[in-house]
$ cat model.txt   # compact mmCIF, C-alpha atoms
# COMPACT_ATOMS: atom_id res chain seq x y z
CA MET A 1 0.00 0.00 0.00
CA SER A 2 1.37 3.43 -0.93
CA ALA A 3 1.99 6.16 1.62
CA ALA A 4 -0.73 8.27 0.00
CA SER A 5 -3.22 5.45 0.26
CA THR A 6 -2.27 4.85 3.89
CA ARG A 7 -2.81 8.52 4.66
CA GLU A 8 -6.16 8.42 2.93
CA ARG A 9 -7.21 5.38 4.90
CA ALA A 10 -6.13 6.99 8.15
CA ARG A 11 -8.12 10.10 7.27
CA PHE A 12 -11.17 7.99 6.56
CA GLU A 13 -10.83 6.12 9.85
CA ALA A 14 -10.40 9.34 11.78
CA LEU A 15 -13.31 11.12 10.13
CA CYS A 16 -15.89 8.41 9.65
CA THR A 17 -15.44 5.62 12.16
CA PRO A 18 -16.35 7.75 15.21
CA PHE A 19 -19.78 8.40 13.68
CA ARG A 20 -20.64 4.80 12.94
CA ALA A 21 -22.95 4.52 15.96
CA ASP A 22 -24.70 7.78 15.05
CA VAL A 23 -25.20 6.64 11.49
CA PHE A 24 -26.54 3.29 12.64
CA ARG A 25 -29.03 4.86 15.04
CA PHE A 26 -30.12 7.40 12.45
CA VAL A 27 -30.74 4.71 9.85
CA TYR A 28 -32.35 2.38 12.35
CA TRP A 29 -34.88 5.00 13.39
CA LEU A 30 -35.71 5.67 9.77
CA CYS A 31 -36.21 2.05 8.71
CA ARG A 32 -37.00 0.41 12.08
CA ASP A 33 -35.10 -2.70 11.04
CA ARG A 34 -31.84 -3.54 12.77
CA SER A 35 -30.36 -5.84 10.14
CA LEU A 36 -31.31 -3.51 7.30
CA ALA A 37 -29.76 -0.62 9.22
CA GLU A 38 -26.53 -2.54 9.61
CA ASP A 39 -26.42 -3.27 5.88
CA VAL A 40 -27.05 0.37 5.08
CA VAL A 41 -24.31 1.50 7.44
CA GLN A 42 -21.81 -0.80 5.74
CA GLU A 43 -22.79 0.48 2.32
CA THR A 44 -22.70 4.05 3.58
CA LEU A 45 -19.13 3.64 4.80
CA LEU A 46 -18.08 2.09 1.50
CA ARG A 47 -19.66 4.93 -0.45
CA ALA A 48 -18.03 7.43 1.89
CA TRP A 49 -14.66 5.81 1.29
CA ARG A 50 -15.09 5.95 -2.46
CA SER A 51 -16.07 9.62 -2.39
CA LEU A 52 -13.84 10.80 0.42
CA ASP A 53 -12.32 13.39 -1.92
CA SER A 54 -15.66 15.16 -2.12
CA LEU A 55 -15.57 15.92 1.62
CA SER A 56 -13.91 19.32 1.57
CA ASP A 57 -14.56 20.25 5.22
CA ASP A 58 -13.54 17.61 7.74
CA LYS A 59 -15.83 19.17 10.34
CA ALA A 60 -18.78 18.34 8.12
CA ALA A 61 -18.10 14.61 8.21
CA LYS A 62 -21.11 13.73 10.32
CA PRO A 63 -23.80 15.46 8.22
CA TRP A 64 -22.02 14.23 5.10
CA LEU A 65 -22.25 10.63 6.31
CA LEU A 66 -25.88 11.00 7.36
CA THR A 67 -26.76 12.40 3.95
CA ILE A 68 -25.08 9.44 2.26
CA ALA A 69 -26.90 7.07 4.61
CA ARG A 70 -30.25 8.68 3.91
CA ARG A 71 -29.72 8.38 0.15
CA GLU A 72 -28.54 4.81 0.48
CA LEU A 73 -31.61 3.87 2.47
CA ALA A 74 -33.84 5.53 -0.15
CA ARG A 75 -32.05 3.50 -2.82
CA VAL A 76 -32.67 0.30 -0.87
CA PHE A 77 -36.35 1.11 -0.54
CA GLU A 78 -36.51 1.94 -4.21
CA ARG A 79 -34.88 -1.33 -5.25
CA LYS A 80 -36.84 -3.52 -2.89
CA ARG A 81 -40.58 -3.50 -2.57
CA PHE A 82 -41.02 -4.28 1.07
CA PRO A 83 -44.22 -6.13 1.93
CA THR A 84 -46.87 -4.25 3.86
CA VAL A 85 -46.62 -5.18 7.51
CA ASP A 86 -48.83 -4.87 10.51
CA ILE A 87 -47.36 -1.88 12.33
CA ASP A 88 -48.19 -3.19 15.80
CA ALA A 89 -46.59 -6.56 15.09
CA ALA A 90 -43.54 -4.87 13.58
CA ASN A 91 -43.21 -2.53 16.53
CA GLU A 92 -43.44 -5.42 18.93
CA ALA A 93 -40.74 -7.34 17.05
CA GLN A 94 -38.41 -4.34 16.93
CA HIS A 95 -39.13 -3.55 20.52
CA GLU A 96 -38.01 -7.03 21.55
CA ALA A 97 -34.94 -6.77 19.35
CA LEU A 98 -33.96 -3.60 21.12
CA ALA A 99 -34.63 -4.72 24.65
CA VAL A 100 -31.51 -4.17 26.74
CA ASN A 101 -33.08 -3.97 30.19
CA ASP A 102 -33.98 -0.33 29.87
CA GLY A 103 -36.50 1.08 32.27
CA HIS A 104 -40.20 0.76 31.64
CA GLU A 105 -40.56 4.40 30.69
CA VAL A 106 -37.78 4.12 28.10
CA ASP A 107 -39.49 1.04 26.65
CA GLU A 108 -42.76 2.91 26.43
CA MET A 109 -41.11 5.87 24.76
CA ARG A 110 -39.36 3.58 22.28
CA ARG A 111 -42.66 2.01 21.34
CA ALA A 112 -44.19 5.45 20.90
CA ILE A 113 -41.32 6.62 18.68
CA LEU A 114 -41.57 3.48 16.57
CA ARG A 115 -45.19 4.38 15.89
CA LEU A 116 -44.41 7.94 14.81
CA ASP A 117 -44.79 8.87 11.16
CA VAL A 118 -41.36 8.99 9.54
CA ILE A 119 -41.75 12.66 8.60
CA HIS A 120 -42.00 13.42 12.32
CA ARG A 121 -39.55 10.77 13.49
CA GLU A 122 -36.64 11.88 11.33
CA PRO A 123 -36.36 15.52 12.48
CA LEU A 124 -36.83 14.38 16.08
CA VAL A 125 -33.92 11.94 15.78
CA LEU A 126 -31.76 14.59 14.16
CA GLN A 127 -32.54 17.11 16.90
CA VAL A 128 -32.58 15.06 20.08
CA LEU A 129 -30.13 12.27 19.29
CA LEU A 130 -27.75 13.90 16.84
CA GLY A 131 -27.85 17.45 18.14
CA TYR A 132 -28.81 19.15 14.89
CA SER A 133 -30.07 22.72 15.03
CA THR A 134 -33.37 23.55 13.37
CA GLU A 135 -31.51 25.16 10.47
CA GLU A 136 -29.33 22.08 10.03
CA ILE A 137 -32.39 19.84 10.00
CA ALA A 138 -34.02 22.08 7.41
CA LYS A 139 -30.94 21.83 5.23
CA HIS A 140 -30.69 18.07 5.67
CA LEU A 141 -34.36 17.48 4.87
CA GLU A 142 -34.45 20.20 2.21
CA ILE A 143 -37.49 21.83 3.74
CA SER A 144 -38.06 25.20 5.37
CA VAL A 145 -37.31 26.06 8.99
CA PRO A 146 -41.01 26.63 9.80
CA ALA A 147 -41.77 23.20 8.36
CA VAL A 148 -39.13 21.66 10.63
CA LEU A 149 -40.56 23.42 13.68
CA THR A 150 -44.04 22.22 12.77
CA ARG A 151 -42.86 18.64 12.46
CA LEU A 152 -40.93 18.76 15.72
CA PHE A 153 -43.86 20.23 17.59
CA ARG A 154 -46.18 17.65 16.09
CA ALA A 155 -43.78 14.80 16.94
CA ARG A 156 -43.69 15.73 20.62
CA GLN A 157 -47.40 16.34 20.68
CA VAL A 158 -48.07 12.84 19.32
CA LEU A 159 -45.59 11.28 21.74
CA ARG A 160 -47.23 13.01 24.69
CA GLN A 161 -50.63 11.81 23.56
CA GLN A 162 -49.40 8.27 23.11
CA LEU A 163 -47.71 8.19 26.49
CA ALA A 164 -50.80 9.63 28.08
CA GLY A 165 -52.76 6.67 26.79
CA GLY A 166 -53.88 7.95 23.42
CA ASN A 167 -53.20 5.98 20.28
CA GLU A 168 -52.60 8.57 17.65
CA GLU A 169 -50.79 8.01 14.41
CA ALA A 170 -49.06 4.96 13.07
CA CYS A 171 -47.48 5.32 9.72
CA PRO A 172 -44.60 4.21 7.54
CA MET B 1 -45.84 36.50 23.35
CA ASN B 2 -48.76 34.62 24.88
CA CYS B 3 -48.71 31.18 26.49
CA GLU B 4 -50.01 29.43 23.40
CA GLU B 5 -47.28 30.90 21.20
CA LEU B 6 -44.65 29.99 23.75
CA ARG B 7 -45.81 26.38 23.95
CA ALA B 8 -45.66 26.07 20.17
CA ILE B 9 -42.04 27.23 20.25
CA VAL B 10 -41.01 25.17 23.26
CA GLY B 11 -42.84 22.16 21.90
CA ALA B 12 -40.53 22.27 18.90
CA GLU B 13 -37.37 23.38 20.70
CA PRO B 14 -37.51 22.71 24.45
CA ASN B 15 -34.00 24.08 24.94
CA THR B 16 -34.49 27.26 22.99
CA THR B 17 -32.68 30.30 24.32
CA ARG B 18 -34.79 32.85 22.50
CA PRO B 19 -34.86 36.00 24.68
CA ASP B 20 -38.62 36.48 24.27
CA VAL B 21 -39.20 32.90 25.44
CA LEU B 22 -36.92 33.28 28.43
CA ALA B 23 -38.58 36.55 29.38
CA HIS B 24 -42.00 34.94 29.29
CA LEU B 25 -40.81 31.96 31.35
CA GLU B 26 -39.59 34.23 34.12
CA GLN B 27 -43.06 35.60 34.58
CA CYS B 28 -45.19 32.53 33.91
CA PRO B 29 -44.76 29.56 36.27
CA GLU B 30 -47.14 27.38 34.27
CA CYS B 31 -45.16 27.80 31.08
CA ALA B 32 -41.92 27.29 33.01
CA ARG B 33 -43.34 23.99 34.26
CA PHE B 34 -44.40 23.08 30.72
CA ARG B 35 -40.85 23.66 29.53
CA GLU B 36 -39.42 21.51 32.32
CA GLU B 37 -41.80 18.74 31.31
CA MET B 38 -40.72 19.01 27.69
CA GLN B 39 -37.06 18.97 28.67
CA ALA B 40 -37.65 15.91 30.83
CA MET B 41 -39.43 14.25 27.94
CA ASP B 42 -36.49 15.04 25.67
CA ARG B 43 -34.13 13.31 28.09
CA LEU B 44 -36.37 10.28 27.92
CA ILE B 45 -36.53 10.50 24.11
CA TYR B 46 -32.75 10.60 24.00
CA ARG B 47 -32.47 7.48 26.16
CA ALA B 48 -35.00 5.73 23.96
CA LEU B 49 -33.26 6.72 20.73
CA ALA B 50 -29.78 5.74 21.90
CA VAL B 51 -30.29 2.08 21.06
CA ASP B 52 -27.52 -0.39 21.54
CA VAL B 53 -25.10 -0.56 18.63
CA GLN B 54 -23.47 -3.88 17.89
CA PRO B 55 -19.74 -3.70 17.33
CA ALA B 56 -19.14 -4.41 13.68
CA ALA B 57 -16.10 -5.06 11.64
CA THR B 58 -14.94 -2.10 9.64
CA PRO B 59 -15.99 -2.77 6.06
CA ALA B 60 -13.27 -4.00 3.80
CA LEU B 61 -12.30 -0.87 1.99
CA PRO B 62 -11.41 -1.49 -1.61
CA ARG B 63 -8.04 -0.26 -2.69
CA SER B 64 -8.66 2.70 -4.84
CA ASN B 65 -8.14 6.39 -5.19
CA THR B 66 -4.92 6.34 -7.11
CA ARG B 67 -4.77 8.88 -9.85
CA VAL B 68 -4.70 6.26 -12.57
CA TRP B 69 -7.81 4.62 -11.24
CA ARG B 70 -9.56 7.95 -11.00
CA MET B 71 -8.69 8.81 -14.57
CA ALA B 72 -9.79 5.39 -15.75
CA ALA B 73 -13.02 5.74 -13.84
CA SER B 74 -13.76 9.17 -15.27
CA VAL B 75 -13.13 7.92 -18.81
CA LEU B 76 -15.39 4.97 -18.17
CA ILE B 77 -18.10 7.13 -16.63
CA THR B 78 -17.94 9.54 -19.55
CA ALA B 79 -18.27 6.66 -21.99
CA VAL B 80 -21.22 5.23 -20.08
CA VAL B 81 -22.92 8.61 -19.86
CA VAL B 82 -22.47 9.20 -23.57
CA ALA B 83 -23.78 5.73 -24.36
CA PHE B 84 -26.80 6.08 -22.11
CA THR B 85 -27.54 9.57 -23.37
CA SER B 86 -27.45 8.30 -26.94
CA ILE B 87 -29.72 5.42 -26.11
CA TRP B 88 -32.04 7.70 -24.20
CA LEU B 89 -32.22 10.16 -27.07
CA LEU B 90 -32.87 7.43 -29.59
CA THR B 91 -35.36 5.44 -27.56
CA PRO B 92 -38.77 6.67 -26.43
CA GLN B 93 -38.71 6.28 -22.67
CA ASP B 94 -41.15 6.86 -19.88
CA SER B 95 -39.39 9.08 -17.37
CA PHE B 96 -42.62 10.76 -16.41
CA ALA B 97 -42.50 9.65 -12.76
CA ALA B 98 -38.90 10.78 -12.33
CA GLU B 99 -39.74 14.15 -13.87
CA VAL B 100 -42.65 14.55 -11.46
CA ILE B 101 -40.42 13.94 -8.45
CA ALA B 102 -37.74 16.28 -9.78
CA HIS B 103 -40.36 18.96 -10.30
CA ILE B 104 -41.75 18.59 -6.78
CA GLU B 105 -38.29 18.76 -5.29
CA GLU B 106 -37.73 22.07 -7.03
CA GLU B 107 -40.53 23.55 -4.92
CA PRO B 108 -39.84 22.29 -1.38
CA ASP B 109 -41.89 25.05 0.20
CA SER B 110 -44.96 23.51 -1.35
CA LEU B 111 -44.62 20.58 1.04
CA LEU B 112 -45.02 22.51 4.26
CA ILE B 113 -47.51 21.21 6.74
CA THR B 114 -49.88 24.09 7.26
CA ASP B 115 -53.40 24.98 8.25
CA GLU B 116 -53.52 27.76 5.68
CA SER B 117 -55.61 27.41 2.54
CA VAL B 118 -55.34 28.89 -0.90
CA ASP B 119 -57.95 31.52 -1.60
CA ALA B 120 -60.88 29.79 -3.32
CA ALA B 121 -61.13 32.50 -5.99
CA ASP B 122 -57.41 32.21 -6.81
CA LEU B 123 -57.71 28.45 -7.08
CA GLU B 124 -60.72 28.71 -9.36
CA LYS B 125 -58.92 31.25 -11.54
CA LEU B 126 -55.86 29.03 -11.85
CA LEU B 127 -57.83 25.93 -12.77
CA SER B 128 -60.04 27.84 -15.20
CA LYS B 129 -56.94 28.48 -17.33
CA ILE B 130 -56.98 24.82 -18.29
CA GLY B 131 -60.76 24.46 -18.37
CA VAL B 132 -61.11 22.69 -15.06
CA ARG B 133 -63.00 23.37 -11.84
CA LEU B 134 -62.57 21.75 -8.42
CA LYS B 135 -65.78 21.32 -6.47
CA PRO B 136 -65.54 23.66 -3.46
CA GLY B 137 -64.83 22.07 -0.10
CA THR B 138 -63.48 18.86 -1.57
CA ALA B 139 -59.98 19.16 -0.23
CA HIS B 140 -57.81 21.43 1.92
CA VAL B 141 -55.63 22.97 -0.81
CA SER B 142 -52.67 24.78 0.75
CA TYR B 143 -50.65 25.52 -2.37
CA ALA B 144 -51.66 26.31 -5.95
CA THR B 145 -49.38 27.72 -8.57
CA PRO B 146 -49.18 27.63 -12.37
CA CYS B 147 -46.16 25.60 -13.46
CA THR B 148 -44.76 24.79 -16.85
CA PHE B 149 -44.21 21.07 -16.72
CA ARG B 150 -43.38 18.95 -19.76
CA GLY B 151 -44.01 22.04 -21.85
CA GLN B 152 -47.57 22.62 -20.76
CA LEU B 153 -49.35 24.83 -18.26
CA THR B 154 -49.87 22.62 -15.22
CA PRO B 155 -51.68 23.69 -12.06
CA HIS B 156 -49.47 22.46 -9.21
CA LEU B 157 -51.62 21.92 -6.13
CA VAL B 158 -50.87 20.60 -2.66
CA VAL B 159 -53.59 19.02 -0.56
CA GLN B 160 -53.11 18.80 3.20
CA THR B 161 -54.08 15.52 4.83
CA GLU B 162 -53.69 14.36 8.40
CA HIS B 163 -50.71 12.31 7.24
CA GLY B 164 -49.00 15.20 5.47
CA PRO B 165 -49.11 17.15 2.24
CA ILE B 166 -49.87 15.52 -1.11
CA THR B 167 -48.99 17.05 -4.46
CA VAL B 168 -51.51 17.08 -7.30
CA LEU B 169 -50.56 18.01 -10.87
CA VAL B 170 -53.46 18.52 -13.26
CA MET B 171 -52.31 17.90 -16.84
CA PRO B 172 -55.14 18.00 -19.37
CA GLU B 173 -52.80 18.17 -22.35
CA GLU B 174 -50.75 15.13 -21.41
CA PRO B 175 -51.62 12.10 -23.55
CA THR B 176 -53.97 9.90 -21.57
CA ARG B 177 -52.32 6.77 -20.31
CA ASP B 178 -53.14 3.79 -18.15
CA ARG B 179 -52.94 4.07 -14.41
CA GLN B 180 -49.29 4.01 -13.31
CA ARG B 181 -47.86 3.78 -9.83
CA ILE B 182 -45.03 6.03 -8.68
CA ASN B 183 -42.52 4.88 -6.09
CA GLU B 184 -39.35 6.91 -6.37
CA GLU B 185 -37.03 8.82 -4.06
CA GLY B 186 -39.29 8.10 -1.10
CA PHE B 187 -42.37 9.43 -2.86
CA GLN B 188 -45.38 7.24 -3.54
CA GLY B 189 -48.32 8.03 -5.73
CA VAL B 190 -50.16 7.43 -8.93
CA ILE B 191 -50.67 8.82 -12.43
CA LEU B 192 -54.34 8.53 -13.27
CA PRO B 193 -56.14 8.90 -16.60
CA ALA B 194 -58.51 11.87 -16.38
CA PRO B 195 -61.38 12.99 -18.64
CA ARG B 196 -58.71 15.05 -20.41
CA GLY B 197 -55.09 14.02 -20.01
CA VAL B 198 -53.97 12.81 -16.62
CA ILE B 199 -53.66 13.87 -13.02
CA VAL B 200 -50.61 13.02 -10.93
CA VAL B 201 -50.93 12.55 -7.17
CA VAL B 202 -47.79 12.05 -5.09
CA GLY B 203 -46.92 12.18 -1.39
CA ILE B 204 -44.53 10.85 1.22
CA GLY B 205 -46.11 8.29 3.50
CA ALA B 206 -49.51 9.78 2.85
CA PRO B 207 -52.65 8.23 1.32
CA ALA B 208 -52.07 9.32 -2.28
CA ASP B 209 -54.55 6.81 -3.73
CA GLU B 210 -57.34 8.06 -1.55
CA VAL B 211 -56.62 11.69 -2.41
CA ALA B 212 -56.30 10.80 -6.12
CA GLU B 213 -59.77 9.29 -6.22
CA THR B 214 -61.23 12.19 -4.24
CA VAL B 215 -59.63 14.85 -6.42
CA LEU B 216 -60.43 13.08 -9.66
CA GLY B 217 -64.06 12.75 -8.60
CA ALA B 218 -64.18 16.44 -7.70
CA LEU B 219 -62.60 17.83 -10.88
CA GLU B 220 -65.03 19.08 -13.49
CA TYR B 221 -63.64 19.44 -17.00
CA TRP B 222 -65.41 21.84 -19.35
$ encode --input "model.txt" --output "structure tokens"
Amino acid sequence: MSAASTRERARFEALCTPFRADVFRFVYWLCRDRSLAEDVVQETLLRAWRSLDSLSDDKAAKPWLLTIARRELARVFERKRFPTVDIDAANEAQHEALAVNDGHEVDEMRRAILRLDVIHREPLVLQVLLGYSTEEIAKHLEISVPAVLTRLFRARQVLRQQLAGGNEEACP
Amino acid sequence: MNCEELRAIVGAEPNTTRPDVLAHLEQCPECARFREEMQAMDRLIYRALAVDVQPAATPALPRSNTRVWRMAASVLITAVVVAFTSIWLLTPQDSFAAEVIAHIEEEPDSLLITDESVDAADLEKLLSKIGVRLKPGTAHVSYATPCTFRGQLTPHLVVQTEHGPITVLVMPEEPTRDRQRINEEGFQGVILPAPRGVIVVVGIGAPADEVAETVLGALEYW
């Protein structure tokens, strides 16, 4: 391996590997399927490696990776026609797959998030888990800031209703 | 700022540091409590979202990125692009669905979730340009603008549903075609034959079929 290639590999490891967990969680909460998320993360890292030259600002590695992951997941959904599933059964299966002896309230919240519509789930994940600002979410989702705020408000509203015993909203 | 406005802001950004929000919180114990509840809920959301991540082997990175490989790749890509472009130009091809998605993505503001409606008179005026009328009260239309799409005047509408906004393109000059499903770039929908031309109905995770049937049934062509 040449010195240049070694340097490139080291740069990739330094920039991308630390965000693997973030990318996995982001993809998981979009697709709600652990094994699919793992596949997408692998493909995301490979694509990132191949296009590392296009990353001009090292500080932007995380959003860059998440954007690649989002596109890769969209490609997977486009290629595959996933069968329609019963959302309650799917949520139960994913819930069990995620169980790591968290408290009851965390379990309940996880179930509620799994039931959220993806257009509300994605900005919530970006904000709460990944620390994106509203402007960064708007840029990532290519929608306006007011639209982001509306979705975030709606996401929390639905979660509160679900946790309070309501049963609002269950979507892709 | 009143309490309702504050709760809309805090409900979207519990940790906001907007001065007007902070000023209100200092004087309103109920809203301060609401914010504490939202912040507590966010801590719980964070714990729920931070699912366990299995350690995984770093993917085997292919050896690449030498200059020679890059040059070879660019030559190959150019050749492929030229070949595909030639084939595309020489072969009639249905890229209608892809064009629809590209068009929608050019107008991201159209996809806002909103309670606002287009003025009924403006909507009627727009649709009258193509000899169409939408029965009043049929749908909550939040966006209506005249677009030039595939070379023809196309009213671009957005209908708000409880599952999100759905785009409707009314294209009376498009050759009528059989029903065709759209499933691209995360968008799902349908191209439907209409009394004149077609209508296109597309959304993200929203009931496009249902809206398509409703809109088609409510459009009057004259």
$ atom_distance --input "model.txt" --atom1 "atom CA of B:Gly189" --atom2 "atom CA of B:Pro175"
18.6 Å
$ closest_residue --input "model.txt" --among "B:Asn2, B:Thr176, B:Ser110, B:Thr214" --to "B:Gly164" --atoms "only C-alpha atoms"
B:Ser110
$ atom_distance --input "model.txt" --atom1 "atom CA of A:Ser35" --atom2 "atom CA of A:Phe77"
14.1 Å
$ closest_atom_pairs --input "model.txt" --of "chain A" --to "chain B" --cutoff "6 Å" --atoms "only C-alpha atoms" --output "Markdown table"
| residue | atom | partner | partner_atom | distance |
| --- | --- | --- | --- | --- |
| A:Val106 | CA | B:Ala48 | CA | 5.2 |
| A:Arg110 | CA | B:Ala48 | CA | 5.1 |
| A:Val128 | CA | B:Tyr46 | CA | 5.9 |
| A:Leu129 | CA | B:Tyr46 | CA | 5.6 |
| A:Ile143 | CA | B:Pro108 | CA | 5.7 |
| A:Ala147 | CA | B:Leu112 | CA | 5.3 |
| A:Leu149 | CA | B:Ala12 | CA | 5.3 |
| A:Leu152 | CA | B:Ala12 | CA | 4.8 |
| A:Phe153 | CA | B:Ala12 | CA | 4.1 |
| A:Pro172 | CA | B:Gly205 | CA | 5.9 |
$ residues_around --input "model.txt" --residues "B:Leu126" --least-positions-apart "5" --cutoff "8 Å" --atoms "only C-alpha atoms" --output "VMD selection string"
chain B and resid 144 to 146 155
$ residues_near_point --input "model.txt" --point "(-66.7, 20.5, -19.6)" --cutoff "8 Å" --atoms "all atoms listed in the file" --output "MDAnalysis selection string"
chainID B and resid 131:132 220:222
$ residues_around --input "model.txt" --residues "stretch 13-18 of chain A" --least-positions-apart "6" --cutoff "10 Å" --atoms "all atoms listed in the file" --output "list in words"
Arg7, Leu45, Ala48, Trp49, Leu52, Asp58, Lys59, Ala60, Ala61, Lys62, Trp64 and Leu65 of chain A; Thr58 of chain B
$ residues_near_point --input "model.txt" --point "(-34.1, 14.7, 12.5)" --cutoff "10 Å" --atoms "all atoms listed in the file" --output "number ranges by chain"
A: 26, 29-30, 118-134, 136-138, 140-141, 148, 151-152
